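Report on the following structure.
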Amino acid sequence: MTSSDSPDNAAETPETPAARTGVAAMDWAAASADPQYRAAVVDLLGALAYGELAAFERLAEDAKLAPTMADKAELAKMASAEFHHFERLRDRLAEIGEEPTHAMEPFVAAYDGFHKQTAPSDWLEGLVKAYVGDSIASDFYREVAARLDSDTRALVLAVLDDTGHGGFAVEKVRAAIDADPRVGGRLALWARRLMGEALSQSQRVVADRDALSTMLVGGVADGFDLAEVGRMFSRITEAHTKRMAALGLAA
């Protein structure tokens, strides 16, 4: 997943650390004593783990569309980074006594459905999909991470580290638009479709998982209320608009 293009307010900086309260001020040992919080974290790690595994598979597949050997190698390197992220999440689930496959299973249909509905038809669509889709997911998980216990938060932020796909996609897409401006209109429509599908899938996942939905509206890991959920999605949408501009596309 890419993270270099996440909104500034979705991540903390060393200069302006946020004050930690409630669960966010605890470590995993203390926070996991609440069974509802533990269930929410297991869901979160399961969703992230399958997302990373799916991203690995997608990047490996997209490499087949790469126009040059150098591009193919770059995507293969990014796919490897995604798989490493998956391994860290899988190992953490096992460490806290959860079966990784069982934790991931509830999210398979949503991720697979998204990828089936948004299969790219060419190299450029694949790049835009990875850049837009992965970044929306990263923004969402960064927002949630601020309300997690310190151990889980550190892991989530680590696996959202930029794999290099963001800068690579921007460079290639902008070069393609410079070479043929007509490409921009097609890719802008594609990116808008991706945005809609990504938000719809994420909302369905949260709605289907009681522990996750409770976390978002404030019952677990204090901090989110319904108004804040609305502001969160507004920030994610604003960040998407900025990414579209970086690609040279209209949001």
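To be explicit about the labels: the chains of the structure tokens are called A, B, and onward in the order shown, and within each one the residues are counted from 1, while ligands get numbers from 1 in the order they are shown.
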
Any idea what's packed within 9 Å of range 81-85 of chain A, counting only C-alpha atoms, ignoring anything in its chain fewer than 6 positions away? Could you give it as a tab-separated table (two decimals) with N, CA, C and O atoms, in the first residue's frame?
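So around-v1.tsv came out as:
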chain	number	residue	atom	x	y	z
A	1	MET	N	0.83	-1.20	0.00
A	1	MET	CA	0.00	0.00	0.00
A	1	MET	C	0.87	1.25	0.00
A	1	MET	O	1.91	1.28	0.62
A	49	ALA	N	-4.36	-7.84	6.32
A	49	ALA	CA	-3.54	-8.96	5.84
A	49	ALA	C	-4.03	-9.43	4.47
A	49	ALA	O	-3.23	-9.63	3.54
A	52	GLU	N	-3.17	-6.92	1.79
A	52	GLU	CA	-1.77	-6.96	1.36
A	52	GLU	C	-1.52	-8.17	0.46
A	52	GLU	O	-0.79	-8.08	-0.53
A	53	LEU	N	-2.12	-9.30	0.80
A	53	LEU	CA	-1.96	-10.49	-0.03
A	53	LEU	C	-2.57	-10.26	-1.42
A	53	LEU	O	-1.97	-10.62	-2.44
A	54	ALA	N	-3.75	-9.65	-1.44
A	54	ALA	CA	-4.39	-9.35	-2.73
A	54	ALA	C	-3.56	-8.35	-3.53
A	54	ALA	O	-3.47	-8.45	-4.76
A	55	ALA	N	-2.96	-7.37	-2.84
A	55	ALA	CA	-2.13	-6.38	-3.53
A	55	ALA	C	-0.90	-7.05	-4.14
A	55	ALA	O	-0.49	-6.71	-5.27
A	56	PHE	N	-0.32	-7.99	-3.42
A	56	PHE	CA	0.82	-8.74	-3.96
A	56	PHE	C	0.43	-9.47	-5.24
A	56	PHE	O	1.12	-9.40	-6.26
A	57	GLU	N	-0.71	-10.17	-5.19
A	57	GLU	CA	-1.16	-10.92	-6.36
A	57	GLU	C	-1.45	-9.99	-7.54
A	57	GLU	O	-1.12	-10.30	-8.68
A	59	LEU	N	-0.23	-6.90	-8.15
A	59	LEU	CA	0.98	-6.30	-8.72
A	59	LEU	C	1.75	-7.32	-9.55
A	59	LEU	O	2.31	-6.98	-10.60
A	158	ALA	N	3.42	0.71	10.10
A	158	ALA	CA	4.59	0.12	9.44
A	158	ALA	C	4.20	-0.56	8.13
A	158	ALA	O	4.91	-0.44	7.13
A	159	VAL	N	3.08	-1.28	8.13
A	159	VAL	CA	2.70	-1.99	6.90
A	159	VAL	C	2.07	-1.06	5.87
A	159	VAL	O	1.83	-1.48	4.73
A	160	LEU	N	1.81	0.19	6.26
A	160	LEU	CA	1.33	1.17	5.29
A	160	LEU	C	2.47	1.94	4.66
A	160	LEU	O	2.24	2.85	3.86
A	161	ASP	N	3.71	1.58	5.00
A	161	ASP	CA	4.86	2.25	4.41
A	161	ASP	C	4.78	2.21	2.89
A	161	ASP	O	4.36	1.22	2.29
A	163	THR	N	5.49	1.61	-0.80
A	163	THR	CA	6.28	0.61	-1.53
A	163	THR	C	6.96	1.23	-2.74
A	163	THR	O	7.66	0.54	-3.48

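Nearest residue to Met232 in chain A, choosing from A:Asp178, A:Ile136, A:Asp208, A:Arg153 and counting only C-alpha atoms: A:Ile136.
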
- What is the distance between CA of Gln36 in chain A and CA of Asp149 in chain A, in Å to one decimal?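 Taking CA of Gln36 in chain A and CA of Asp149 in chain A, their separation equals 13.5 Å.
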
- Residue set, range 84-249 of chain A restricted to helix (DSSP H, G or I), as a ChimeraX atom specification: /A:84-95,100-117,123-145,150-159,165-179,182-208,210-217,226-247

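Nearest to Arg204 in chain A of all the residues A:Met26, A:Ala109, A:Ala146, A:Ala79 is A:Ala109, based on only C-alpha atoms.
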
- Message: as a list in words, please: the residues near Ala39 in chain A (cut-off 9 Å, only C-alpha atoms, same-chain neighbours under 5 positions excluded).
- Response: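 My list of contacting residues is Ser32, Asp34, Leu44, Ala211 and Leu212 of chain A.
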